[in-house]
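Written out below as structure tokens is the structure these notes cover.
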Amino acid sequence: MAFDAPHFSSRTAVVCRGAGKTWAAGTKRAHEALRDVDLDIAPGEFVVFLGPSGCGKSTLLYLIAGLEDATDGAIWSFGDKVETPSPQRSLIFQETSLFPWLTVWQNVSFGLAIRGASQAERRRVAAEALQRVGLKAAMDKRPDELSGGMRQRVAVARALAMRPKVLLMDEPFAALDVQTRARMQDFLLDVWRDSGASVLFVTHHIDEAVALADRVVVFTARPGRIKTIVPIDLPRPRNLFSREAEALRIQLTDLLRDEVDRAFAEQEAMTA
Ligand SMILES: Nc1ncnc2c1ncn2[C@@H]1O[C@H](COP(=O)(O)OP(=O)(O)O)[C@@H](O)[C@H]1O
Ligand SMILES: [Mg+2]
């Protein structure tokens with residue numbers, strides 16, 4: 001089988017070859033979300049997935065996370081075929097689900113508890129991860145004592161505690177206000193730099209893509225295919241008011257506009 005003899009290095013963080021997903025495949029409700037995705041992501045690379053709502057961005061993250069199977073093609077991570085979830089690949093959602101009855105540190109070290117780590121070990125790892133997100137002082141608090149931004153930082157700490165090689169983030173800051181979101185972007189860039197992990201970050205915000213990405217993968221309307229990949233060669237820390245940054249925002253806006261129009265037309269046709 002061609003897909004069992006892939007031509008790529010086992011050092012590549014994520015490799016997608018012809019990856020596709022049809023939800024409810026083989027039924028009357030079959031719904032093609034994603035088609036023919038070829039993508040290579042390097043270790044330590046920051047890649048943003050940008051595309052209109054409903055184009056399959058979340059679906060692709062679930063496939064890479066191993067939460068869902070590709071119905072076409074295949075995905076590898078560091079040489080291993082992705083078939084199940086792995087602590088090497090942590091997924092962070094828009095709405096964090098922390099356990100309200102556990103303290104912050106217990107939430108952060110929950111995955112280690114499942115692995116059977118001792119209480120002392122869990123507390124030590126949680127403290128270290130919380131230190132990295134600037135929340136060590138909140139270790140013994142409960143989630144409902146924290147703001148939305150702080151809860152998302154706890155979610156990032158929980159992911160970091162597992163020492164993932166790939167961080168998958170699905171619109172993690174979308175529910176936050178604009179000022180908090182800008183702060184969280186800076187914070188994420190610091191964490192990313194320290195961790196050495198690859199980050200795959202879904203957004204439909206062009207500003208966010210230009211602020212964060214080494215490369216922006218622009219998707220077509222559903223079924224999502226890669227329309228183009230735009231490298232963001234701005235030095236870090238970035239001046240987002242520079243003429244180069246503005247030119248990139250204009251370029252991405254143009255690329256997205258047609259796809260958003262198509263997505264709208266399709267949604268109208270489906271509900272008519
Ligand atoms: N679990 C599911 N079952 C059936 N269809 C789904 C499921 N999840 C998503 N879809 C559909 O797949 C398409 C892509 O969805 P999604 O990946 O969530 O898009 P995005 O994240 O880009 O907004 C949409 O048409 C959506 O309705
Ligand atoms: Mg989504």
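Residues in the structure tokens are numbered from 1 in each chain, the chains being A, B, ... in the order shown, and ligands are numbered from 1 in the order shown.
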
List all protein, DNA and RNA residues that have at least one atom no more than 12 Å from any atom of ligand 1, counting only C-alpha atoms and all ligand atoms, and write them as an mmCIF file with N, CA, C and O atoms, in the first residue's frame.
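The new file selection_5.cif reads:
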data_model
loop_
_atom_site.group_PDB
_atom_site.id
_atom_site.type_symbol
_atom_site.label_atom_id
_atom_site.label_comp_id
_atom_site.auth_asym_id
_atom_site.auth_seq_id
_atom_site.Cartn_x
_atom_site.Cartn_y
_atom_site.Cartn_z
ATOM 1 N N GLY A 20 -8.571 12.996 4.279
ATOM 2 C CA GLY A 20 -9.932 13.472 4.068
ATOM 3 C C GLY A 20 -10.862 12.884 5.107
ATOM 4 O O GLY A 20 -10.533 11.877 5.743
ATOM 5 N N LYS A 21 -11.996 13.555 5.280
ATOM 6 C CA LYS A 21 -12.973 13.066 6.248
ATOM 7 C C LYS A 21 -14.378 13.279 5.726
ATOM 8 O O LYS A 21 -14.755 14.403 5.369
ATOM 9 N N THR A 22 -15.113 12.196 5.626
ATOM 10 C CA THR A 22 -16.554 12.274 5.364
ATOM 11 C C THR A 22 -17.249 11.807 6.626
ATOM 12 O O THR A 22 -17.072 10.654 7.044
ATOM 13 N N TRP A 23 -17.991 12.718 7.255
ATOM 14 C CA TRP A 23 -18.760 12.330 8.431
ATOM 15 C C TRP A 23 -19.898 11.418 7.994
ATOM 16 O O TRP A 23 -20.450 11.595 6.912
ATOM 17 N N ALA A 24 -20.242 10.456 8.824
ATOM 18 C CA ALA A 24 -21.336 9.512 8.545
ATOM 19 C C ALA A 24 -21.169 8.868 7.163
ATOM 20 O O ALA A 24 -22.140 8.693 6.423
ATOM 21 N N ALA A 25 -19.922 8.521 6.831
ATOM 22 C CA ALA A 25 -19.623 7.946 5.509
ATOM 23 C C ALA A 25 -20.458 6.693 5.284
ATOM 24 O O ALA A 25 -20.658 5.906 6.206
ATOM 25 N N THR A 27 -23.587 6.495 4.740
ATOM 26 C CA THR A 27 -24.999 6.617 5.112
ATOM 27 C C THR A 27 -25.642 7.715 4.260
ATOM 28 O O THR A 27 -24.950 8.422 3.528
ATOM 29 N N LYS A 28 -26.961 7.859 4.425
ATOM 30 C CA LYS A 28 -27.650 8.920 3.681
ATOM 31 C C LYS A 28 -27.213 10.298 4.153
ATOM 32 O O LYS A 28 -27.342 11.284 3.441
ATOM 33 N N ARG A 29 -26.711 10.342 5.396
ATOM 34 C CA ARG A 29 -26.298 11.624 5.958
ATOM 35 C C ARG A 29 -24.824 11.932 5.678
ATOM 36 O O ARG A 29 -24.265 12.858 6.259
ATOM 37 N N ALA A 30 -24.190 11.167 4.801
ATOM 38 C CA ALA A 30 -22.758 11.364 4.517
ATOM 39 C C ALA A 30 -22.491 12.832 4.195
ATOM 40 O O ALA A 30 -23.237 13.462 3.442
ATOM 41 N N HIS A 31 -21.412 13.338 4.759
ATOM 42 C CA HIS A 31 -21.165 14.780 4.705
ATOM 43 C C HIS A 31 -19.656 14.974 4.606
ATOM 44 O O HIS A 31 -18.917 14.719 5.558
ATOM 45 N N GLU A 32 -19.183 15.386 3.436
ATOM 46 C CA GLU A 32 -17.737 15.497 3.239
ATOM 47 C C GLU A 32 -17.232 16.819 3.829
ATOM 48 O O GLU A 32 -17.586 17.894 3.344
ATOM 49 N N ALA A 33 -16.392 16.726 4.843
ATOM 50 C CA ALA A 33 -15.908 17.921 5.533
ATOM 51 C C ALA A 33 -14.536 18.353 5.017
ATOM 52 O O ALA A 33 -14.221 19.543 4.996
ATOM 53 N N LEU A 34 -13.724 17.381 4.621
ATOM 54 C CA LEU A 34 -12.313 17.671 4.340
ATOM 55 C C LEU A 34 -11.839 16.784 3.195
ATOM 56 O O LEU A 34 -12.216 15.610 3.141
ATOM 57 N N ARG A 35 -11.048 17.350 2.280
ATOM 58 C CA ARG A 35 -10.624 16.567 1.119
ATOM 59 C C ARG A 35 -9.141 16.770 0.803
ATOM 60 O O ARG A 35 -8.679 17.916 0.734
ATOM 61 N N PHE A 49 -4.234 27.480 10.897
ATOM 62 C CA PHE A 49 -5.246 27.056 9.928
ATOM 63 C C PHE A 49 -6.294 28.158 9.859
ATOM 64 O O PHE A 49 -6.946 28.444 10.864
ATOM 65 N N LEU A 50 -6.444 28.728 8.677
ATOM 66 C CA LEU A 50 -7.380 29.841 8.491
ATOM 67 C C LEU A 50 -8.402 29.448 7.431
ATOM 68 O O LEU A 50 -8.030 28.936 6.367
ATOM 69 N N GLY A 51 -9.668 29.679 7.709
ATOM 70 C CA GLY A 51 -10.678 29.352 6.706
ATOM 71 C C GLY A 51 -12.048 29.720 7.216
ATOM 72 O O GLY A 51 -12.237 29.940 8.413
ATOM 73 N N PRO A 52 -13.028 29.773 6.301
ATOM 74 C CA PRO A 52 -14.377 30.158 6.709
ATOM 75 C C PRO A 52 -14.970 29.131 7.663
ATOM 76 O O PRO A 52 -14.564 27.974 7.675
ATOM 77 N N SER A 53 -15.929 29.573 8.427
ATOM 78 C CA SER A 53 -16.630 28.705 9.362
ATOM 79 C C SER A 53 -17.208 27.502 8.612
ATOM 80 O O SER A 53 -17.750 27.643 7.525
ATOM 81 N N GLY A 54 -17.035 26.314 9.164
ATOM 82 C CA GLY A 54 -17.590 25.103 8.560
ATOM 83 C C GLY A 54 -16.726 24.474 7.482
ATOM 84 O O GLY A 54 -17.153 23.523 6.827
ATOM 85 N N CYS A 55 -15.491 24.967 7.300
ATOM 86 C CA CYS A 55 -14.661 24.435 6.199
ATOM 87 C C CYS A 55 -13.864 23.203 6.614
ATOM 88 O O CYS A 55 -13.149 22.635 5.796
ATOM 89 N N GLY A 56 -13.970 22.790 7.873
ATOM 90 C CA GLY A 56 -13.282 21.559 8.263
ATOM 91 C C GLY A 56 -12.007 21.754 9.066
ATOM 92 O O GLY A 56 -11.239 20.805 9.247
ATOM 93 N N LYS A 57 -11.780 22.941 9.593
ATOM 94 C CA LYS A 57 -10.565 23.198 10.379
ATOM 95 C C LYS A 57 -10.544 22.338 11.641
ATOM 96 O O LYS A 57 -9.541 21.700 11.949
ATOM 97 N N SER A 58 -11.659 22.341 12.364
ATOM 98 C CA SER A 58 -11.718 21.524 13.593
ATOM 99 C C SER A 58 -11.598 20.049 13.244
ATOM 100 O O SER A 58 -10.907 19.289 13.930
ATOM 101 N N THR A 59 -12.264 19.663 12.165
ATOM 102 C CA THR A 59 -12.205 18.265 11.737
ATOM 103 C C THR A 59 -10.756 17.836 11.528
ATOM 104 O O THR A 59 -10.337 16.775 12.000
ATOM 105 N N LEU A 60 -9.964 18.670 10.863
ATOM 106 C CA LEU A 60 -8.563 18.315 10.620
ATOM 107 C C LEU A 60 -7.802 18.191 11.947
ATOM 108 O O LEU A 60 -6.999 17.261 12.117
ATOM 109 N N LEU A 61 -8.060 19.085 12.887
ATOM 110 C CA LEU A 61 -7.392 18.966 14.193
ATOM 111 C C LEU A 61 -7.762 17.656 14.883
ATOM 112 O O LEU A 61 -6.906 17.012 15.494
ATOM 113 N N TYR A 62 -9.045 17.263 14.797
ATOM 114 C CA TYR A 62 -9.452 16.004 15.435
ATOM 115 C C TYR A 62 -8.743 14.821 14.796
ATOM 116 O O TYR A 62 -8.375 13.865 15.471
ATOM 117 N N LEU A 63 -8.563 14.876 13.469
ATOM 118 C CA LEU A 63 -7.852 13.786 12.793
ATOM 119 C C LEU A 63 -6.404 13.725 13.275
ATOM 120 O O LEU A 63 -5.871 12.653 13.566
ATOM 121 N N LEU A 67 -8.491 11.696 17.459
ATOM 122 C CA LEU A 67 -9.830 11.528 18.050
ATOM 123 C C LEU A 67 -10.820 10.984 17.029
ATOM 124 O O LEU A 67 -11.842 10.401 17.396
ATOM 125 N N GLU A 68 -10.534 11.221 15.761
ATOM 126 C CA GLU A 68 -11.378 10.727 14.672
ATOM 127 C C GLU A 68 -10.466 10.120 13.618
ATOM 128 O O GLU A 68 -9.331 10.564 13.447
ATOM 129 N N ASP A 69 -10.985 9.115 12.901
ATOM 130 C CA ASP A 69 -10.206 8.501 11.828
ATOM 131 C C ASP A 69 -10.410 9.257 10.525
ATOM 132 O O ASP A 69 -11.532 9.662 10.223
ATOM 133 N N PHE A 93 -9.399 23.347 23.433
ATOM 134 C CA PHE A 93 -10.615 23.837 22.780
ATOM 135 C C PHE A 93 -10.897 25.292 23.138
ATOM 136 O O PHE A 93 -10.312 25.849 24.053
ATOM 137 N N GLN A 94 -11.881 25.833 22.440
ATOM 138 C CA GLN A 94 -12.332 27.206 22.708
ATOM 139 C C GLN A 94 -12.874 27.338 24.131
ATOM 140 O O GLN A 94 -12.539 28.267 24.852
ATOM 141 N N MET A 169 -4.584 23.630 18.860
ATOM 142 C CA MET A 169 -5.405 24.640 19.526
ATOM 143 C C MET A 169 -6.548 25.061 18.611
ATOM 144 O O MET A 169 -6.325 25.587 17.521
ATOM 145 N N ASP A 170 -7.786 24.813 19.076
ATOM 146 C CA ASP A 170 -8.960 25.089 18.249
ATOM 147 C C ASP A 170 -9.636 26.380 18.709
ATOM 148 O O ASP A 170 -10.427 26.360 19.644
ATOM 149 N N GLU A 171 -9.295 27.482 18.071
ATOM 150 C CA GLU A 171 -9.837 28.801 18.421
ATOM 151 C C GLU A 171 -9.799 29.027 19.935
ATOM 152 O O GLU A 171 -10.814 29.377 20.548
ATOM 153 N N PHE A 201 -2.746 25.915 15.126
ATOM 154 C CA PHE A 201 -3.671 26.847 15.758
ATOM 155 C C PHE A 201 -4.766 27.212 14.772
ATOM 156 O O PHE A 201 -4.490 27.759 13.703
ATOM 157 N N VAL A 202 -6.006 26.908 15.122
ATOM 158 C CA VAL A 202 -7.142 27.225 14.246
ATOM 159 C C VAL A 202 -7.712 28.581 14.597
ATOM 160 O O VAL A 202 -7.937 28.881 15.771
ATOM 161 N N THR A 203 -7.958 29.388 13.580
ATOM 162 C CA THR A 203 -8.656 30.651 13.815
ATOM 163 C C THR A 203 -9.377 31.056 12.539
ATOM 164 O O THR A 203 -9.067 30.554 11.455
ATOM 165 N N HIS A 204 -10.368 31.954 12.673
ATOM 166 C CA HIS A 204 -10.850 32.599 11.456
ATOM 167 C C HIS A 204 -10.523 34.083 11.497
ATOM 168 O O HIS A 204 -11.035 34.853 10.689
ATOM 169 N N VAL A 218 -4.353 28.323 4.301
ATOM 170 C CA VAL A 218 -5.679 28.869 3.996
ATOM 171 C C VAL A 218 -6.510 27.767 3.360
ATOM 172 O O VAL A 218 -6.076 27.125 2.392
ATOM 173 N N PHE A 219 -7.700 27.530 3.931
ATOM 174 C CA PHE A 219 -8.589 26.477 3.445
ATOM 175 C C PHE A 219 -9.689 27.044 2.560
ATOM 176 O O PHE A 219 -10.119 28.186 2.722
ATOM 177 N N THR A 220 -10.150 26.204 1.641
ATOM 178 C CA THR A 220 -11.314 26.555 0.821
ATOM 179 C C THR A 220 -12.569 26.309 1.649
ATOM 180 O O THR A 220 -12.520 25.677 2.700
ATOM 181 N N ALA A 221 -13.717 26.768 1.132
ATOM 182 C CA ALA A 221 -14.995 26.413 1.734
ATOM 183 C C ALA A 221 -15.171 24.891 1.652
ATOM 184 O O ALA A 221 -14.477 24.207 0.896
ATOM 185 N N ARG A 222 -16.107 24.346 2.408
ATOM 186 C CA ARG A 222 -16.342 22.908 2.491
ATOM 187 C C ARG A 222 -16.645 22.282 1.133
ATOM 188 O O ARG A 222 -17.409 22.874 0.387
ATOM 189 N N PRO A 223 -16.121 21.099 0.842
ATOM 190 C CA PRO A 223 -15.158 20.354 1.653
ATOM 191 C C PRO A 223 -13.804 21.061 1.669
ATOM 192 O O PRO A 223 -13.278 21.427 0.618
ATOM 193 N N GLY A 224 -13.269 21.239 2.863
ATOM 194 C CA GLY A 224 -12.037 21.992 3.021
ATOM 195 C C GLY A 224 -10.865 21.332 2.305
ATOM 196 O O GLY A 224 -10.600 20.147 2.483
ATOM 197 N N ARG A 225 -10.237 22.098 1.454
ATOM 198 C CA ARG A 225 -8.971 21.691 0.824
ATOM 199 C C ARG A 225 -7.983 22.813 1.086
ATOM 200 O O ARG A 225 -8.402 23.939 1.368
ATOM 201 N N GLU A 259 -13.891 32.418 -0.423
ATOM 202 C CA GLU A 259 -14.298 31.189 0.276
ATOM 203 C C GLU A 259 -15.435 31.472 1.242
ATOM 204 O O GLU A 259 -16.330 30.658 1.403
ATOM 205 N N VAL A 260 -15.392 32.638 1.883
ATOM 206 C CA VAL A 260 -16.488 32.997 2.792
ATOM 207 C C VAL A 260 -17.772 33.161 1.988
ATOM 208 O O VAL A 260 -18.830 32.676 2.376
ATOM 209 N N ALA A 263 -19.007 29.735 1.185
ATOM 210 C CA ALA A 263 -19.552 29.067 2.376
ATOM 211 C C ALA A 263 -20.957 29.586 2.678
ATOM 212 O O ALA A 263 -21.864 28.818 2.984
ATOM 213 N N PHE A 264 -21.139 30.895 2.540
ATOM 214 C CA PHE A 264 -22.462 31.496 2.785
ATOM 215 C C PHE A 264 -23.484 30.962 1.799
ATOM 216 O O PHE A 264 -24.593 30.596 2.176
ATOM 217 N N GLU A 266 -23.468 28.195 0.216
ATOM 218 C CA GLU A 266 -23.785 26.793 0.485
ATOM 219 C C GLU A 266 -24.731 26.666 1.682
ATOM 220 O O GLU A 266 -25.691 25.903 1.653
ATOM 221 N N GLN A 267 -24.447 27.457 2.728
ATOM 222 C CA GLN A 267 -25.293 27.364 3.922
ATOM 223 C C GLN A 267 -26.720 27.809 3.606
ATOM 224 O O GLN A 267 -27.680 27.232 4.099
ATOM 225 N N MET A 270 -28.457 25.030 1.780
ATOM 226 C CA MET A 270 -28.799 23.904 2.643
ATOM 227 C C MET A 270 -30.024 24.194 3.504
ATOM 228 O O MET A 270 -30.753 23.265 3.872
#

Using only C-alpha atoms, which protein or nucleic acid residues come within 12 Å of segment 184-186 of chain A? Drop anything in the same chain fewer than 3 positions from it, and give the result as a CSV table (one decimal) with N, CA and C atoms, in the first residue's frame.
chain,number,residue,atom,x,y,z
A,133,VAL,N,2.9,29.4,32.7
A,133,VAL,CA,1.7,30.2,32.3
A,133,VAL,C,1.4,31.4,33.2
A,134,GLY,N,2.4,31.6,34.2
A,134,GLY,CA,2.2,32.7,35.1
A,134,GLY,C,1.1,32.6,36.1
A,148,GLY,N,-11.9,34.1,32.6
A,148,GLY,CA,-11.9,33.3,31.4
A,148,GLY,C,-10.5,33.1,30.8
A,149,GLY,N,-9.7,34.2,30.8
A,149,GLY,CA,-8.3,34.2,30.3
A,149,GLY,C,-7.5,33.3,31.2
A,150,MET,N,-7.7,33.4,32.5
A,150,MET,CA,-6.9,32.5,33.4
A,150,MET,C,-7.2,31.1,33.2
A,151,ARG,N,-8.5,30.8,33.0
A,151,ARG,CA,-8.9,29.4,32.7
A,151,ARG,C,-8.3,28.8,31.5
A,152,GLN,N,-8.2,29.7,30.4
A,152,GLN,CA,-7.5,29.2,29.2
A,152,GLN,C,-6.0,28.9,29.5
A,153,ARG,N,-5.4,29.8,30.3
A,153,ARG,CA,-4.0,29.5,30.7
A,153,ARG,C,-3.9,28.2,31.5
A,154,VAL,N,-4.8,27.9,32.3
A,154,VAL,CA,-4.8,26.6,33.0
A,154,VAL,C,-4.9,25.5,32.0
A,156,VAL,N,-3.8,25.6,29.0
A,156,VAL,CA,-2.5,25.5,28.3
A,156,VAL,C,-1.5,24.7,29.3
A,171,GLU,N,-9.3,27.5,18.1
A,171,GLU,CA,-9.8,28.8,18.4
A,171,GLU,C,-9.8,29.0,19.9
A,172,PRO,N,-8.6,28.8,20.5
A,172,PRO,CA,-8.6,28.8,22.0
A,172,PRO,C,-8.9,30.2,22.7
A,173,PHE,N,-8.8,31.2,21.9
A,173,PHE,CA,-9.0,32.6,22.5
A,173,PHE,C,-10.3,33.2,22.0
A,174,ALA,N,-11.1,32.5,21.2
A,174,ALA,CA,-12.2,33.1,20.6
A,174,ALA,C,-13.2,33.7,21.5
A,175,ALA,N,-13.4,33.1,22.7
A,175,ALA,CA,-14.4,33.5,23.7
A,175,ALA,C,-13.9,34.7,24.5
A,176,LEU,N,-12.7,35.1,24.3
A,176,LEU,CA,-12.1,36.2,25.2
A,176,LEU,C,-12.3,37.5,24.6
A,177,ASP,N,-12.3,38.6,25.4
A,177,ASP,CA,-12.4,39.9,24.8
A,177,ASP,C,-11.1,40.3,24.1
A,178,VAL,N,-11.1,41.3,23.3
A,178,VAL,CA,-10.0,41.7,22.4
A,178,VAL,C,-8.7,41.9,23.1
A,179,GLN,N,-8.8,42.6,24.3
A,179,GLN,CA,-7.6,43.0,25.0
A,179,GLN,C,-7.0,41.7,25.6
A,180,THR,N,-7.8,40.9,26.2
A,180,THR,CA,-7.3,39.6,26.8
A,180,THR,C,-6.7,38.7,25.7
A,181,ARG,N,-7.4,38.7,24.5
A,181,ARG,CA,-6.9,37.9,23.4
A,181,ARG,C,-5.5,38.3,23.0
A,189,LEU,N,3.1,32.8,22.5
A,189,LEU,CA,4.3,32.9,21.8
A,189,LEU,C,5.5,32.6,22.7
A,190,ASP,N,5.4,33.1,24.0
A,190,ASP,CA,6.5,32.8,25.0
A,190,ASP,C,6.5,31.3,25.3
A,191,VAL,N,5.3,30.8,25.6
A,191,VAL,CA,5.2,29.3,25.9
A,191,VAL,C,5.7,28.5,24.8
A,192,TRP,N,5.3,28.8,23.6
A,192,TRP,CA,5.7,28.1,22.4
A,192,TRP,C,7.3,28.0,22.3
A,193,ARG,N,7.9,29.2,22.4
A,193,ARG,CA,9.3,29.3,22.3
A,193,ARG,C,10.0,28.4,23.3
A,201,PHE,N,-2.7,25.9,15.1
A,201,PHE,CA,-3.7,26.8,15.8
A,201,PHE,C,-4.8,27.2,14.8
A,207,ASP,N,-6.1,38.8,11.8
A,207,ASP,CA,-5.1,39.5,12.6
A,207,ASP,C,-4.3,38.5,13.5
A,208,GLU,N,-5.0,37.5,14.0
A,208,GLU,CA,-4.4,36.5,14.8
A,208,GLU,C,-3.4,35.6,14.0
A,209,ALA,N,-3.8,35.3,12.8
A,209,ALA,CA,-2.9,34.5,11.9
A,209,ALA,C,-1.6,35.3,11.7
A,210,VAL,N,-1.7,36.6,11.4
A,210,VAL,CA,-0.5,37.4,11.1
A,210,VAL,C,0.4,37.6,12.3
A,211,ALA,N,-0.3,37.7,13.5
A,211,ALA,CA,0.4,37.8,14.8
A,211,ALA,C,1.2,36.6,15.2
A,212,LEU,N,0.7,35.4,14.8
A,212,LEU,CA,1.3,34.2,15.4
A,212,LEU,C,2.1,33.3,14.5
A,213,ALA,N,1.7,33.2,13.2
A,213,ALA,CA,2.1,32.1,12.4
A,213,ALA,C,3.5,32.2,11.8
A,236,ARG,N,10.3,38.3,14.8
A,236,ARG,CA,9.7,38.3,16.1
A,236,ARG,C,10.5,39.0,17.1
A,237,PRO,N,10.0,39.8,18.0
A,237,PRO,CA,8.6,40.1,18.2
A,237,PRO,C,8.1,41.0,17.1
A,238,ARG,N,6.9,40.8,16.7
A,238,ARG,CA,6.4,41.4,15.5
A,238,ARG,C,5.8,42.8,15.7

Next on the checklist: My list of candidates is A:Arg249, A:Lys227, A:Arg11, A:Arg215. Which is closest to Val47 of chain A when distances are computed with only C-alpha atoms?
Outcome noted: A:Arg215

Item to check | All residues 9 Å or closer to Gly73 of chain A, only C-alpha atoms, same chain fewer than 3 positions away omitted, as a PyMOL selection string | outcome: chain A and resi 3+16-20+36-37+70

Next on the checklist: Write out as a VMD selection string the set of residues from segment 121-236 of chain A that DSSP, computed on the backbone, places in alpha helix (DSSP H).
Outcome noted: chain A and resid 121 to 132 148 to 161 178 to 195 206 to 212

Got time to write the residues from that selection, C-alpha atoms, as an mmCIF file, in the first residue's frame?
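Result saved to part.cif:
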data_model
loop_
_atom_site.group_PDB
_atom_site.id
_atom_site.type_symbol
_atom_site.label_atom_id
_atom_site.label_comp_id
_atom_site.auth_asym_id
_atom_site.auth_seq_id
_atom_site.Cartn_x
_atom_site.Cartn_y
_atom_site.Cartn_z
ATOM 1 C CA GLU A 121 5.120 14.168 41.471
ATOM 2 C CA ARG A 122 1.834 15.530 40.129
ATOM 3 C CA ARG A 123 2.018 18.609 42.314
ATOM 4 C CA ARG A 124 5.618 19.252 41.256
ATOM 5 C CA VAL A 125 4.837 18.944 37.518
ATOM 6 C CA ALA A 126 1.685 21.064 37.904
ATOM 7 C CA ALA A 127 3.644 23.795 39.716
ATOM 8 C CA GLU A 128 6.213 23.858 36.913
ATOM 9 C CA ALA A 129 3.552 24.035 34.180
ATOM 10 C CA LEU A 130 1.605 26.728 36.050
ATOM 11 C CA GLN A 131 4.809 28.698 36.512
ATOM 12 C CA ARG A 132 5.205 28.720 32.739
ATOM 13 C CA GLY A 148 -11.899 33.289 31.353
ATOM 14 C CA GLY A 149 -8.337 34.209 30.298
ATOM 15 C CA MET A 150 -6.888 32.525 33.374
ATOM 16 C CA ARG A 151 -8.920 29.386 32.736
ATOM 17 C CA GLN A 152 -7.514 29.174 29.211
ATOM 18 C CA ARG A 153 -4.013 29.541 30.664
ATOM 19 C CA VAL A 154 -4.795 26.642 33.007
ATOM 20 C CA ALA A 155 -5.859 24.650 29.941
ATOM 21 C CA VAL A 156 -2.500 25.456 28.310
ATOM 22 C CA ALA A 157 -0.688 24.434 31.531
ATOM 23 C CA ARG A 158 -2.630 21.163 31.586
ATOM 24 C CA ALA A 159 -1.501 20.488 28.021
ATOM 25 C CA LEU A 160 2.132 21.446 28.813
ATOM 26 C CA ALA A 161 2.186 19.121 31.850
ATOM 27 C CA VAL A 178 -10.043 41.663 22.399
ATOM 28 C CA GLN A 179 -7.555 42.954 24.992
ATOM 29 C CA THR A 180 -7.305 39.608 26.765
ATOM 30 C CA ARG A 181 -6.888 37.875 23.427
ATOM 31 C CA ALA A 182 -3.893 40.075 22.481
ATOM 32 C CA ARG A 183 -2.291 39.292 25.860
ATOM 33 C CA MET A 184 -2.912 35.586 25.402
ATOM 34 C CA GLN A 185 -1.266 35.660 21.976
ATOM 35 C CA ASP A 186 1.915 37.143 23.480
ATOM 36 C CA PHE A 187 1.773 34.640 26.290
ATOM 37 C CA LEU A 188 1.325 31.751 23.857
ATOM 38 C CA LEU A 189 4.342 32.860 21.797
ATOM 39 C CA ASP A 190 6.486 32.795 24.976
ATOM 40 C CA VAL A 191 5.237 29.343 25.948
ATOM 41 C CA TRP A 192 5.745 28.059 22.411
ATOM 42 C CA ARG A 193 9.338 29.329 22.292
ATOM 43 C CA ASP A 194 10.194 27.637 25.608
ATOM 44 C CA SER A 195 8.440 24.356 24.843
ATOM 45 C CA ILE A 206 -6.738 37.219 10.015
ATOM 46 C CA ASP A 207 -5.083 39.464 12.638
ATOM 47 C CA GLU A 208 -4.400 36.460 14.810
ATOM 48 C CA ALA A 209 -2.876 34.530 11.908
ATOM 49 C CA VAL A 210 -0.455 37.367 11.078
ATOM 50 C CA ALA A 211 0.444 37.845 14.760
ATOM 51 C CA LEU A 212 1.259 34.193 15.398
#

Item to check | Atomic separation - atom CA of Pro235 of chain A relative to atom CA of Leu91 of chain A, Å | outcome: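 According to the coordinates, atom CA of Leu91 of chain A and atom CA of Pro235 of chain A are separated by 27.3 Å.
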
Item to check | Selection near Ser198 of chain A, 10 Å with only C-alpha atoms, sequence-local residues under 3 positions removed, as a list in words | outcome: Ala13, Val14, Ile41, Ala42, Pro43, Gly44, Glu45, Phe46, Val47, Arg89, Pro164, Lys165, Val166, Leu167, Leu168, Trp192, Arg193, Ser195 and Phe201 of chain A

Item to check | Polymer residues at most 10 Å from Arg142 of chain A, only C-alpha atoms, same-chain spacing of 6 or more positions, as a list in words | outcome: Leu98, Phe99, Pro100, Trp101, Leu102, Thr103, Val104, Trp105, Gln106, Asn107 and Arg151 of chain A
